[in-house]
Amino acid sequence: MSQKKLSRRRFVQVCGVAAAASVSGWSNISAATKAKVVIIGGGAAGTIAAKYLAKLNPGLDISLVEKNKSYHAAFMSNQILSGTWTNDKFNFNYHKLESHGIKIINEEVNDLDLKSNSLMTKSGKKIPFDKLILAAGAEADITSIDGLTSDLVTSNAWTDARDVSKLFEKIRAIKSGGKVLLSIPAGEVNGSMAMYGRVSQIARYFSLQNKKAKILIADAKPQDATQQLFAHAWEEMYPGMIEIQNKLIASKLEGENTIIANGNKLSADLVNVIPTQKANKLAKLLGLNDESGWCPVKAESFESTKIKNVHVIGDAVKGFKGFRKNTQIANSQAKSVAIIIDSLLSSNKLPQALPPLIDSEYSIVGDQYAISSTKLFRLKNNTWNIVTDELSAKDAAKKQRQREYVYAESWFNNITNEMFS
Amino acid sequence: MLKNLCVTLIFMLLLSNSIFASGPSKGEQLAWTCFSCHGVNGVSQGPATPVIAGISENYIIGAMLSYKYADDLDKASEVLEKHDELEDVRVQPRFSAMMKRIASVYTLEEIRELAYFFSQKEFIMPTQIYDKAAAKKGKKLHKKYCEKCHEDWGTTTDDDVGLLAGQWKQYLTFTLNDFAKGDRETIKKMKKKMNKMLKKHGDESLEHLAHFYASKSE
């Protein structure tokens with residue numbers, strides 16, 4: 001790498017300014033004016049965008065703005081609820097990203113100044129950028145259910161492994177033969193199979209420690225193929241423990257143990273509500289979301305259709321047809337956006353081709369038993385088209401389930417290593 | 001001379017912007033997609049997804065085509081016949097938990113770029129737990145049944161054989177079992193040797209071999 005850089009510098013010396021000027025985008029390569037890329041959010045999308053931009057062009061000035069000093073992965077954290085994985089497996093920090101030349105700015109974003117292309121932070125800091133990437137994820141829409149508060153959102157544990165650990169304590173405290181009620185919203189959820197993963201892990205715990213306990217799923221959606229596959233797996237692993245009711249829409253919470261759904265009162269020893277999700281509040285603050293709650297972007301660039309030079313990736317994106325919200329597709333989008341931004345900064349052009357996007361989720365059902373769903377997308381005619389869409393077969397051999405079980409953990413180890421090493 | 005070089009370079013730059021791109025190649029960018037499961041640069045953190053860094057180009061092309069055309073392997077052979085330089089690539093029925101879904105969308109051109117990229121990366125052996133007694137038995141088995149093709153204790157990729165020494169044990173166990181049960185096909189002489197070993201030493205010989213290769217991580 002350094003050798004190539006040297007030869008480039010030598011080339012300029014020899015050939016002079018005129019030659020350099022003939023090459024479009026030369027200016028940002030020279031050290032004097034490093035292009036600034038600022039990324040908001042240090043999760044599955046933000047860390048990867050930062051790292052791969054640094055790989056593409058070590059000369060870029062890359063900042064990752066993240067309000068927290070540590071990261072507590074939500075993905076796969078349902079494993080905590082069966083007691084099979086512990087909280088510490090989910091804790092990471094950003095130190096190693098700095099070794100790639102990425103600046104970590106632990107600040108909370110407050111505003112966007114479009115005149116000076118700068119972010120403003122709560123503490124009054126101004127962070128200028130040439131390109132901005134919003135990778136701030138999703139959050140609960142608190143207005144979606146009557147009686148929902150931010151405290152209740154936290155205790156329902158959907159975004160932070162530490163909250164899931166607290167939920168596990170509550171599950172352990174449930175009386176013998178007690179009942180858990182899990183409410184699932186109609187809209188898109190980050191971790192599109194994770195609510196069923198949660199049911200699986202609670203059931204896994206009950207099957208060992210509280211055999212007569214029951215789980216009721218109040219799912220606002222009609223039954224789909226994914227739910228059917230889970231229902232089939234649960235019958236195999238936890239017969240009689242789990243009941244599913246579809247098109248049951250939670251509208252109100254009454255205290256901690258009761259919800260009103262379709263006008264009926266439903267109570268349990270533990271009620272776990274997964275609320276409707278929307279893009280992180282920063283999306284609205286910066287003017288990037290639309291009425292759907294998510295941020296519309298152009299397929300070929302992930303650039304916001306609302307604000308130029310601002311790109312959105314990860315859970316906050318308003319998906320193209322077939323997109324789900326999960327860690328793998330966030331990772332995949334982040335790599336694409338790195339390629340896109342590098343290309344825009346160096347040549348003012350979009351890249352000629354992009355790698356496919358992978359949207360994939362593993363879900364552990366029980367010991368030596370996991371299922372998964374994989375979709376791949378290709379960019380064609382300015383949109384992302386599904387080229388693969390496969391769910392584990394209902395009648396798959398034991399061997400298949402077992403492999404997916406160990407591959408699920410391997411995926412977690414590799415993707416977190418990719419993010420934080 | 002410098003002037004000539006200069007003219008040539010400007011000409012090349014005008015022709016293509018990418019000639020002087022010092023960054024990752026298109027093949028590498030394509031390979032990034034694989035990192036989230038197979039590890040950065042193909043060095044998997046385990047415990048089951050195999051390390052694919054440092055594996056032979058032909059081996060990777062063969063594996064990918066076997067997955068891509070899993071439902072019709074004749075098609076893969078047809079594709080290969082059009083490329084003399086790929087004559088050593090072998091396609092064979094291969095059990096797939098996941099890769100069939102993914103390999104299907106890649107073109108031969110892309111598969112070759114991916115294979116080249118990973119073949120150039122260093123195979124870094126993971127640290128893993130293994131059973132010493134089992135590894136000792138595995139060592140004897142390897143010498144007797146495997147060493148002839150998987151030379152130097154399974155550390156080489158010569159003749160496009162799979163890299164065994166230091167690979168993740170869980171993956172080796174899966175793969176050896178696939179071979180033994182016919183869920184993955186292989187060349188005749190390997191099948192013969194394997195059957196001989198299984199007949200004499202039983203199913204646990206597969207496990208012993210896996211422990212031996214895992215022990216090479218040290």
# chains A, B, ... in the order shown; residues from 1 in each chain; ligands from 1
$ interface_residues --of "chain B" --to "chain A" --cutoff "7 Å" --atoms "only C-alpha atoms" --output "list in words"
Cys6, Ile10, Ser22, Gly23, Pro24, Leu30, Thr33, Ser36, Cys37, His38, Gly39, Val40, Ser44, Gln45, Gly46, Pro47, Ala48, Thr49, Ala97, Arg101 and Val105 of chain B
$ select_by_dssp --residues "region 167-270 of chain A" --states "strand (DSSP E or B)" --output "JSON, numbers by chain"
{"A": [179, 180, 181, 182, 183, 184, 190, 214, 215, 216, 217, 218, 219, 242, 243, 244, 245, 246, 250, 251, 252, 253, 254, 258, 259, 260, 261, 264, 265, 266, 267, 270]}
$ write_last_selection --atoms "N, CA and C atoms" --output "compact mmCIF listing (two decimals), in the first residue's frame"
# COMPACT_ATOMS: atom_id res chain seq x y z
N LYS A 179 -47.64 -18.40 33.53
CA LYS A 179 -47.88 -18.13 32.12
C LYS A 179 -47.17 -16.86 31.66
N VAL A 180 -46.57 -16.93 30.48
CA VAL A 180 -45.95 -15.76 29.85
C VAL A 180 -46.78 -15.40 28.63
N LEU A 181 -47.00 -14.10 28.45
CA LEU A 181 -47.71 -13.62 27.26
C LEU A 181 -46.76 -12.73 26.47
N LEU A 182 -46.57 -13.08 25.21
CA LEU A 182 -45.71 -12.27 24.35
C LEU A 182 -46.56 -11.62 23.27
N SER A 183 -46.49 -10.30 23.22
CA SER A 183 -47.28 -9.57 22.22
C SER A 183 -46.38 -9.08 21.09
N ILE A 184 -46.78 -9.40 19.87
CA ILE A 184 -45.99 -9.08 18.67
C ILE A 184 -46.78 -8.11 17.79
N ASN A 190 -37.19 -5.00 14.15
CA ASN A 190 -35.77 -5.25 13.93
C ASN A 190 -35.42 -6.61 14.53
N LYS A 214 -46.63 -22.10 30.66
CA LYS A 214 -47.18 -21.95 29.30
C LYS A 214 -46.77 -20.60 28.72
N ILE A 215 -46.74 -20.57 27.38
CA ILE A 215 -46.46 -19.31 26.69
C ILE A 215 -47.58 -19.06 25.69
N LEU A 216 -48.14 -17.85 25.76
CA LEU A 216 -49.16 -17.46 24.79
C LEU A 216 -48.60 -16.35 23.91
N ILE A 217 -48.69 -16.55 22.61
CA ILE A 217 -48.25 -15.52 21.67
C ILE A 217 -49.47 -14.81 21.11
N ALA A 218 -49.51 -13.50 21.34
CA ALA A 218 -50.57 -12.68 20.72
C ALA A 218 -49.92 -11.94 19.56
N ASP A 219 -50.10 -12.49 18.36
CA ASP A 219 -49.41 -11.96 17.19
C ASP A 219 -50.39 -11.15 16.34
N ILE A 242 -46.77 -24.03 23.93
CA ILE A 242 -46.91 -22.72 23.29
C ILE A 242 -48.22 -22.62 22.51
N GLU A 243 -48.95 -21.56 22.76
CA GLU A 243 -50.19 -21.32 22.01
C GLU A 243 -50.04 -20.03 21.21
N ILE A 244 -50.44 -20.09 19.94
CA ILE A 244 -50.34 -18.90 19.08
C ILE A 244 -51.72 -18.40 18.73
N GLN A 245 -51.93 -17.10 18.91
CA GLN A 245 -53.17 -16.50 18.42
C GLN A 245 -52.80 -15.37 17.46
N ASN A 246 -53.27 -15.48 16.24
CA ASN A 246 -52.94 -14.47 15.23
C ASN A 246 -54.00 -13.38 15.16
N ALA A 250 -52.57 -5.75 20.16
CA ALA A 250 -52.52 -5.09 21.47
C ALA A 250 -52.73 -3.60 21.29
N SER A 251 -53.69 -3.05 22.05
CA SER A 251 -53.96 -1.63 21.92
C SER A 251 -53.70 -0.87 23.21
N LYS A 252 -53.66 -1.61 24.33
CA LYS A 252 -53.54 -0.91 25.61
C LYS A 252 -52.85 -1.80 26.64
N LEU A 253 -52.06 -1.18 27.49
CA LEU A 253 -51.46 -1.91 28.61
C LEU A 253 -52.17 -1.48 29.87
N GLU A 254 -52.55 -2.45 30.69
CA GLU A 254 -53.15 -2.13 32.00
C GLU A 254 -52.25 -2.69 33.07
N THR A 258 -51.23 -7.07 32.23
CA THR A 258 -52.45 -7.20 31.42
C THR A 258 -52.37 -6.34 30.16
N ILE A 259 -52.80 -6.92 29.05
CA ILE A 259 -52.96 -6.10 27.84
C ILE A 259 -54.39 -6.21 27.35
N ILE A 260 -54.80 -5.18 26.62
CA ILE A 260 -56.09 -5.26 25.94
C ILE A 260 -55.79 -5.49 24.46
N ALA A 261 -56.31 -6.59 23.96
CA ALA A 261 -56.09 -6.91 22.54
C ALA A 261 -57.43 -7.28 21.92
N ASN A 264 -60.32 -7.51 24.17
CA ASN A 264 -60.33 -8.46 25.30
C ASN A 264 -59.15 -8.25 26.22
N LYS A 265 -59.42 -8.55 27.52
CA LYS A 265 -58.35 -8.48 28.51
C LYS A 265 -57.55 -9.77 28.51
N LEU A 266 -56.22 -9.67 28.38
CA LEU A 266 -55.36 -10.85 28.46
C LEU A 266 -54.35 -10.63 29.57
N SER A 267 -54.29 -11.58 30.51
CA SER A 267 -53.36 -11.43 31.62
C SER A 267 -52.41 -12.61 31.70
N LEU A 270 -46.25 -12.93 33.39
CA LEU A 270 -45.30 -11.99 32.80
C LEU A 270 -45.82 -11.62 31.42
$ residues_around --residues "Ser165 (chain A)" --least-positions-apart "4" --cutoff "7 Å" --atoms "only C-alpha atoms" --output "count of residues only"
4
$ residues_around --residues "region 170-180 of chain B" --least-positions-apart "2" --cutoff "8 Å" --atoms "only C-alpha atoms" --output "number ranges by chain"
B: 47-50, 95, 164, 167-168, 182-186, 191, 194-195, 206-207, 210
$ residues_around --residues "Ile202 (chain A)" --least-positions-apart "5" --cutoff "9 Å" --atoms "only C-alpha atoms" --output "MDAnalysis selection string"
chainID A and resid 78:79 81:82 168 171 180 197 207 215
$ write_last_selection --atoms "N, CA and C atoms" --output "PDB file, in the first residue's frame"
ATOM      1  N   ASN A  78     -31.539 -13.285  22.894  1.00  0.00           N
ATOM      2  CA  ASN A  78     -32.578 -14.148  23.471  1.00  0.00           C
ATOM      3  C   ASN A  78     -31.972 -15.403  24.095  1.00  0.00           C
ATOM      4  N   GLN A  79     -30.757 -15.736  23.666  1.00  0.00           N
ATOM      5  CA  GLN A  79     -30.079 -16.901  24.255  1.00  0.00           C
ATOM      6  C   GLN A  79     -29.909 -16.761  25.763  1.00  0.00           C
ATOM      7  N   LEU A  81     -32.149 -15.810  27.702  1.00  0.00           N
ATOM      8  CA  LEU A  81     -33.411 -16.194  28.347  1.00  0.00           C
ATOM      9  C   LEU A  81     -33.517 -17.692  28.600  1.00  0.00           C
ATOM     10  N   SER A  82     -32.645 -18.480  27.984  1.00  0.00           N
ATOM     11  CA  SER A  82     -32.648 -19.911  28.294  1.00  0.00           C
ATOM     12  C   SER A  82     -31.510 -20.231  29.253  1.00  0.00           C
ATOM     13  N   PHE A 168     -34.683 -12.077  32.045  1.00  0.00           N
ATOM     14  CA  PHE A 168     -34.433 -13.469  32.435  1.00  0.00           C
ATOM     15  C   PHE A 168     -34.696 -13.660  33.933  1.00  0.00           C
ATOM     16  N   ILE A 171     -38.290 -14.098  34.394  1.00  0.00           N
ATOM     17  CA  ILE A 171     -38.762 -15.404  33.913  1.00  0.00           C
ATOM     18  C   ILE A 171     -38.443 -16.493  34.940  1.00  0.00           C
ATOM     19  N   VAL A 180     -46.570 -16.931  30.481  1.00  0.00           N
ATOM     20  CA  VAL A 180     -45.949 -15.762  29.854  1.00  0.00           C
ATOM     21  C   VAL A 180     -46.778 -15.398  28.628  1.00  0.00           C
ATOM     22  N   GLY A 197     -37.698 -16.317  18.275  1.00  0.00           N
ATOM     23  CA  GLY A 197     -36.491 -16.783  18.964  1.00  0.00           C
ATOM     24  C   GLY A 197     -36.645 -16.604  20.467  1.00  0.00           C
ATOM     25  N   SER A 207     -38.727 -25.796  29.718  1.00  0.00           N
ATOM     26  CA  SER A 207     -38.701 -27.251  29.522  1.00  0.00           C
ATOM     27  C   SER A 207     -37.752 -27.926  30.524  1.00  0.00           C
ATOM     28  N   ILE A 215     -46.739 -20.572  27.382  1.00  0.00           N
ATOM     29  CA  ILE A 215     -46.461 -19.312  26.688  1.00  0.00           C
ATOM     30  C   ILE A 215     -47.581 -19.058  25.686  1.00  0.00           C
TER      31      ILE A 215
END
$ residues_around --residues "Leu80 (chain B)" --least-positions-apart "5" --cutoff "12 Å" --atoms "only C-alpha atoms" --output "PyMOL selection string"
chain B and resi 58+61-62+65-66+69+73-75+85-91+108-109+112
$ write_last_selection --atoms "C-alpha atoms" --output "short mmCIF file (atom, residue, chain, number, x, y, z; two decimals), in the first residue's frame"
data_model
loop_
_atom_site.label_atom_id
_atom_site.label_comp_id
_atom_site.auth_asym_id
_atom_site.auth_seq_id
_atom_site.Cartn_x
_atom_site.Cartn_y
_atom_site.Cartn_z
CA ASN B 58 -9.76 -24.74 -7.73
CA ILE B 61 -14.45 -22.86 -7.36
CA GLY B 62 -15.39 -26.56 -7.20
CA LEU B 65 -20.14 -24.65 -8.31
CA SER B 66 -21.17 -27.83 -6.49
CA TYR B 69 -25.63 -26.38 -9.37
CA LEU B 73 -24.43 -31.05 -11.46
CA ASP B 74 -24.26 -31.84 -15.19
CA LYS B 75 -24.81 -28.16 -15.75
CA GLU B 85 -8.03 -23.43 -17.46
CA LEU B 86 -10.58 -24.91 -15.03
CA GLU B 87 -9.97 -28.52 -16.00
CA ASP B 88 -8.77 -29.44 -12.51
CA VAL B 89 -11.93 -28.13 -10.85
CA ARG B 90 -14.04 -30.95 -9.43
CA VAL B 91 -17.77 -30.72 -8.87
CA LEU B 108 -18.75 -18.08 -12.58
CA GLU B 109 -16.78 -14.88 -13.08
CA ARG B 112 -13.44 -17.11 -9.70
#
$ closest_residue --among "A:Gly366, A:Gly137, A:Pro351, A:Gly187" --to "Ala283 (chain A)" --atoms "only C-alpha atoms"
A:Gly137
$ decode --residues "region 19-62 of chain B" --atoms "N, CA and C atoms" --output "PDB file, in the first residue's frame"
ATOM      1  N   ILE B  19      -7.371   2.025 -12.595  1.00  0.00           N
ATOM      2  CA  ILE B  19      -6.017   1.475 -12.685  1.00  0.00           C
ATOM      3  C   ILE B  19      -5.178   1.913 -11.488  1.00  0.00           C
ATOM      4  N   PHE B  20      -5.393   3.137 -11.055  1.00  0.00           N
ATOM      5  CA  PHE B  20      -4.573   3.618  -9.956  1.00  0.00           C
ATOM      6  C   PHE B  20      -5.249   3.516  -8.600  1.00  0.00           C
ATOM      7  N   ALA B  21      -6.376   2.900  -8.586  1.00  0.00           N
ATOM      8  CA  ALA B  21      -7.030   2.721  -7.298  1.00  0.00           C
ATOM      9  C   ALA B  21      -6.139   1.822  -6.452  1.00  0.00           C
ATOM     10  N   SER B  22      -5.682   2.356  -5.335  1.00  0.00           N
ATOM     11  CA  SER B  22      -4.788   1.568  -4.495  1.00  0.00           C
ATOM     12  C   SER B  22      -5.601   0.702  -3.547  1.00  0.00           C
ATOM     13  N   GLY B  23      -6.884   0.921  -3.518  1.00  0.00           N
ATOM     14  CA  GLY B  23      -7.737   0.216  -2.560  1.00  0.00           C
ATOM     15  C   GLY B  23      -8.024  -1.211  -2.967  1.00  0.00           C
ATOM     16  N   PRO B  24      -8.933  -1.850  -2.227  1.00  0.00           N
ATOM     17  CA  PRO B  24      -9.264  -3.248  -2.464  1.00  0.00           C
ATOM     18  C   PRO B  24      -9.816  -3.484  -3.878  1.00  0.00           C
ATOM     19  N   SER B  25      -9.473  -4.627  -4.453  1.00  0.00           N
ATOM     20  CA  SER B  25      -9.950  -4.983  -5.783  1.00  0.00           C
ATOM     21  C   SER B  25     -11.444  -5.277  -5.752  1.00  0.00           C
ATOM     22  N   LYS B  26     -12.015  -5.392  -6.932  1.00  0.00           N
ATOM     23  CA  LYS B  26     -13.434  -5.726  -7.034  1.00  0.00           C
ATOM     24  C   LYS B  26     -13.686  -7.110  -6.414  1.00  0.00           C
ATOM     25  N   GLY B  27     -12.751  -8.020  -6.654  1.00  0.00           N
ATOM     26  CA  GLY B  27     -12.870  -9.364  -6.078  1.00  0.00           C
ATOM     27  C   GLY B  27     -12.878  -9.328  -4.561  1.00  0.00           C
ATOM     28  N   GLU B  28     -12.024  -8.484  -4.008  1.00  0.00           N
ATOM     29  CA  GLU B  28     -11.992  -8.376  -2.550  1.00  0.00           C
ATOM     30  C   GLU B  28     -13.306  -7.795  -2.026  1.00  0.00           C
ATOM     31  N   GLN B  29     -13.806  -6.770  -2.729  1.00  0.00           N
ATOM     32  CA  GLN B  29     -15.073  -6.168  -2.292  1.00  0.00           C
ATOM     33  C   GLN B  29     -16.206  -7.193  -2.309  1.00  0.00           C
ATOM     34  N   LEU B  30     -16.143  -8.065  -3.299  1.00  0.00           N
ATOM     35  CA  LEU B  30     -17.146  -9.121  -3.401  1.00  0.00           C
ATOM     36  C   LEU B  30     -16.992 -10.103  -2.230  1.00  0.00           C
ATOM     37  N   ALA B  31     -15.739 -10.341  -1.867  1.00  0.00           N
ATOM     38  CA  ALA B  31     -15.441 -11.298  -0.803  1.00  0.00           C
ATOM     39  C   ALA B  31     -15.881 -10.801   0.576  1.00  0.00           C
ATOM     40  N   TRP B  32     -15.988  -9.489   0.726  1.00  0.00           N
ATOM     41  CA  TRP B  32     -16.410  -8.946   2.024  1.00  0.00           C
ATOM     42  C   TRP B  32     -17.730  -9.555   2.476  1.00  0.00           C
ATOM     43  N   THR B  33     -18.586  -9.833   1.488  1.00  0.00           N
ATOM     44  CA  THR B  33     -19.897 -10.393   1.811  1.00  0.00           C
ATOM     45  C   THR B  33     -19.746 -11.685   2.617  1.00  0.00           C
ATOM     46  N   CYS B  34     -18.682 -12.425   2.344  1.00  0.00           N
ATOM     47  CA  CYS B  34     -18.492 -13.733   2.978  1.00  0.00           C
ATOM     48  C   CYS B  34     -17.978 -13.611   4.417  1.00  0.00           C
ATOM     49  N   PHE B  35     -17.410 -12.417   4.734  1.00  0.00           N
ATOM     50  CA  PHE B  35     -16.710 -12.277   6.013  1.00  0.00           C
ATOM     51  C   PHE B  35     -17.609 -12.467   7.233  1.00  0.00           C
ATOM     52  N   SER B  36     -18.884 -12.066   7.129  1.00  0.00           N
ATOM     53  CA  SER B  36     -19.706 -12.084   8.347  1.00  0.00           C
ATOM     54  C   SER B  36     -19.964 -13.507   8.846  1.00  0.00           C
ATOM     55  N   CYS B  37     -19.828 -14.499   7.957  1.00  0.00           N
ATOM     56  CA  CYS B  37     -19.923 -15.899   8.417  1.00  0.00           C
ATOM     57  C   CYS B  37     -18.561 -16.596   8.453  1.00  0.00           C
ATOM     58  N   HIS B  38     -17.725 -16.322   7.448  1.00  0.00           N
ATOM     59  CA  HIS B  38     -16.443 -17.042   7.343  1.00  0.00           C
ATOM     60  C   HIS B  38     -15.279 -16.278   7.959  1.00  0.00           C
ATOM     61  N   GLY B  39     -15.567 -15.136   8.581  1.00  0.00           N
ATOM     62  CA  GLY B  39     -14.513 -14.383   9.245  1.00  0.00           C
ATOM     63  C   GLY B  39     -13.813 -13.411   8.306  1.00  0.00           C
ATOM     64  N   VAL B  40     -13.183 -12.406   8.906  1.00  0.00           N
ATOM     65  CA  VAL B  40     -12.471 -11.392   8.140  1.00  0.00           C
ATOM     66  C   VAL B  40     -11.345 -12.073   7.363  1.00  0.00           C
ATOM     67  N   ASN B  41     -11.293 -11.817   6.066  1.00  0.00           N
ATOM     68  CA  ASN B  41     -10.330 -12.454   5.157  1.00  0.00           C
ATOM     69  C   ASN B  41     -10.461 -13.973   5.100  1.00  0.00           C
ATOM     70  N   GLY B  42     -11.610 -14.493   5.551  1.00  0.00           N
ATOM     71  CA  GLY B  42     -11.835 -15.939   5.498  1.00  0.00           C
ATOM     72  C   GLY B  42     -11.283 -16.695   6.696  1.00  0.00           C
ATOM     73  N   VAL B  43     -10.834 -15.938   7.695  1.00  0.00           N
ATOM     74  CA  VAL B  43     -10.307 -16.579   8.909  1.00  0.00           C
ATOM     75  C   VAL B  43     -11.435 -16.660   9.932  1.00  0.00           C
ATOM     76  N   SER B  44     -12.126 -17.780   9.917  1.00  0.00           N
ATOM     77  CA  SER B  44     -13.305 -17.933  10.767  1.00  0.00           C
ATOM     78  C   SER B  44     -12.939 -18.033  12.237  1.00  0.00           C
ATOM     79  N   GLN B  45     -13.770 -17.394  13.062  1.00  0.00           N
ATOM     80  CA  GLN B  45     -13.596 -17.454  14.511  1.00  0.00           C
ATOM     81  C   GLN B  45     -14.273 -18.689  15.103  1.00  0.00           C
ATOM     82  N   GLY B  46     -14.917 -19.467  14.264  1.00  0.00           N
ATOM     83  CA  GLY B  46     -15.507 -20.734  14.690  1.00  0.00           C
ATOM     84  C   GLY B  46     -16.758 -20.589  15.525  1.00  0.00           C
ATOM     85  N   PRO B  47     -17.250 -21.669  16.088  1.00  0.00           N
ATOM     86  CA  PRO B  47     -16.618 -22.984  16.170  1.00  0.00           C
ATOM     87  C   PRO B  47     -16.907 -23.927  14.980  1.00  0.00           C
ATOM     88  N   ALA B  48     -17.751 -23.507  14.038  1.00  0.00           N
ATOM     89  CA  ALA B  48     -18.105 -24.480  13.001  1.00  0.00           C
ATOM     90  C   ALA B  48     -17.863 -23.995  11.575  1.00  0.00           C
ATOM     91  N   THR B  49     -18.044 -22.700  11.309  1.00  0.00           N
ATOM     92  CA  THR B  49     -17.832 -22.228   9.942  1.00  0.00           C
ATOM     93  C   THR B  49     -16.346 -22.375   9.607  1.00  0.00           C
ATOM     94  N   PRO B  50     -16.033 -23.016   8.488  1.00  0.00           N
ATOM     95  CA  PRO B  50     -14.624 -23.284   8.207  1.00  0.00           C
ATOM     96  C   PRO B  50     -13.814 -22.039   7.843  1.00  0.00           C
ATOM     97  N   VAL B  51     -12.531 -22.100   8.139  1.00  0.00           N
ATOM     98  CA  VAL B  51     -11.581 -21.111   7.628  1.00  0.00           C
ATOM     99  C   VAL B  51     -11.470 -21.361   6.123  1.00  0.00           C
ATOM    100  N   ILE B  52     -11.634 -20.312   5.309  1.00  0.00           N
ATOM    101  CA  ILE B  52     -11.493 -20.497   3.858  1.00  0.00           C
ATOM    102  C   ILE B  52     -10.295 -19.726   3.307  1.00  0.00           C
ATOM    103  N   ALA B  53      -9.571 -19.061   4.182  1.00  0.00           N
ATOM    104  CA  ALA B  53      -8.355 -18.361   3.751  1.00  0.00           C
ATOM    105  C   ALA B  53      -7.292 -19.393   3.417  1.00  0.00           C
ATOM    106  N   GLY B  54      -6.574 -19.182   2.314  1.00  0.00           N
ATOM    107  CA  GLY B  54      -5.442 -20.043   1.985  1.00  0.00           C
ATOM    108  C   GLY B  54      -5.809 -21.368   1.351  1.00  0.00           C
ATOM    109  N   ILE B  55      -7.076 -21.536   1.048  1.00  0.00           N
ATOM    110  CA  ILE B  55      -7.524 -22.771   0.392  1.00  0.00           C
ATOM    111  C   ILE B  55      -7.297 -22.619  -1.115  1.00  0.00           C
ATOM    112  N   SER B  56      -7.104 -23.716  -1.816  1.00  0.00           N
ATOM    113  CA  SER B  56      -6.755 -23.595  -3.232  1.00  0.00           C
ATOM    114  C   SER B  56      -7.920 -23.037  -4.046  1.00  0.00           C
ATOM    115  N   GLU B  57      -7.544 -22.297  -5.068  1.00  0.00           N
ATOM    116  CA  GLU B  57      -8.518 -21.633  -5.928  1.00  0.00           C
ATOM    117  C   GLU B  57      -9.486 -22.656  -6.543  1.00  0.00           C
ATOM    118  N   ASN B  58      -8.918 -23.724  -7.085  1.00  0.00           N
ATOM    119  CA  ASN B  58      -9.756 -24.738  -7.726  1.00  0.00           C
ATOM    120  C   ASN B  58     -10.713 -25.393  -6.736  1.00  0.00           C
ATOM    121  N   TYR B  59     -10.228 -25.579  -5.511  1.00  0.00           N
ATOM    122  CA  TYR B  59     -11.070 -26.192  -4.479  1.00  0.00           C
ATOM    123  C   TYR B  59     -12.295 -25.302  -4.220  1.00  0.00           C
ATOM    124  N   ILE B  60     -12.056 -23.998  -4.082  1.00  0.00           N
ATOM    125  CA  ILE B  60     -13.173 -23.081  -3.781  1.00  0.00           C
ATOM    126  C   ILE B  60     -14.135 -22.997  -4.969  1.00  0.00           C
ATOM    127  N   ILE B  61     -13.575 -22.916  -6.169  1.00  0.00           N
ATOM    128  CA  ILE B  61     -14.448 -22.859  -7.356  1.00  0.00           C
ATOM    129  C   ILE B  61     -15.311 -24.131  -7.412  1.00  0.00           C
ATOM    130  N   GLY B  62     -14.665 -25.285  -7.172  1.00  0.00           N
ATOM    131  CA  GLY B  62     -15.387 -26.562  -7.197  1.00  0.00           C
ATOM    132  C   GLY B  62     -16.494 -26.610  -6.159  1.00  0.00           C
TER     133      GLY B  62
END
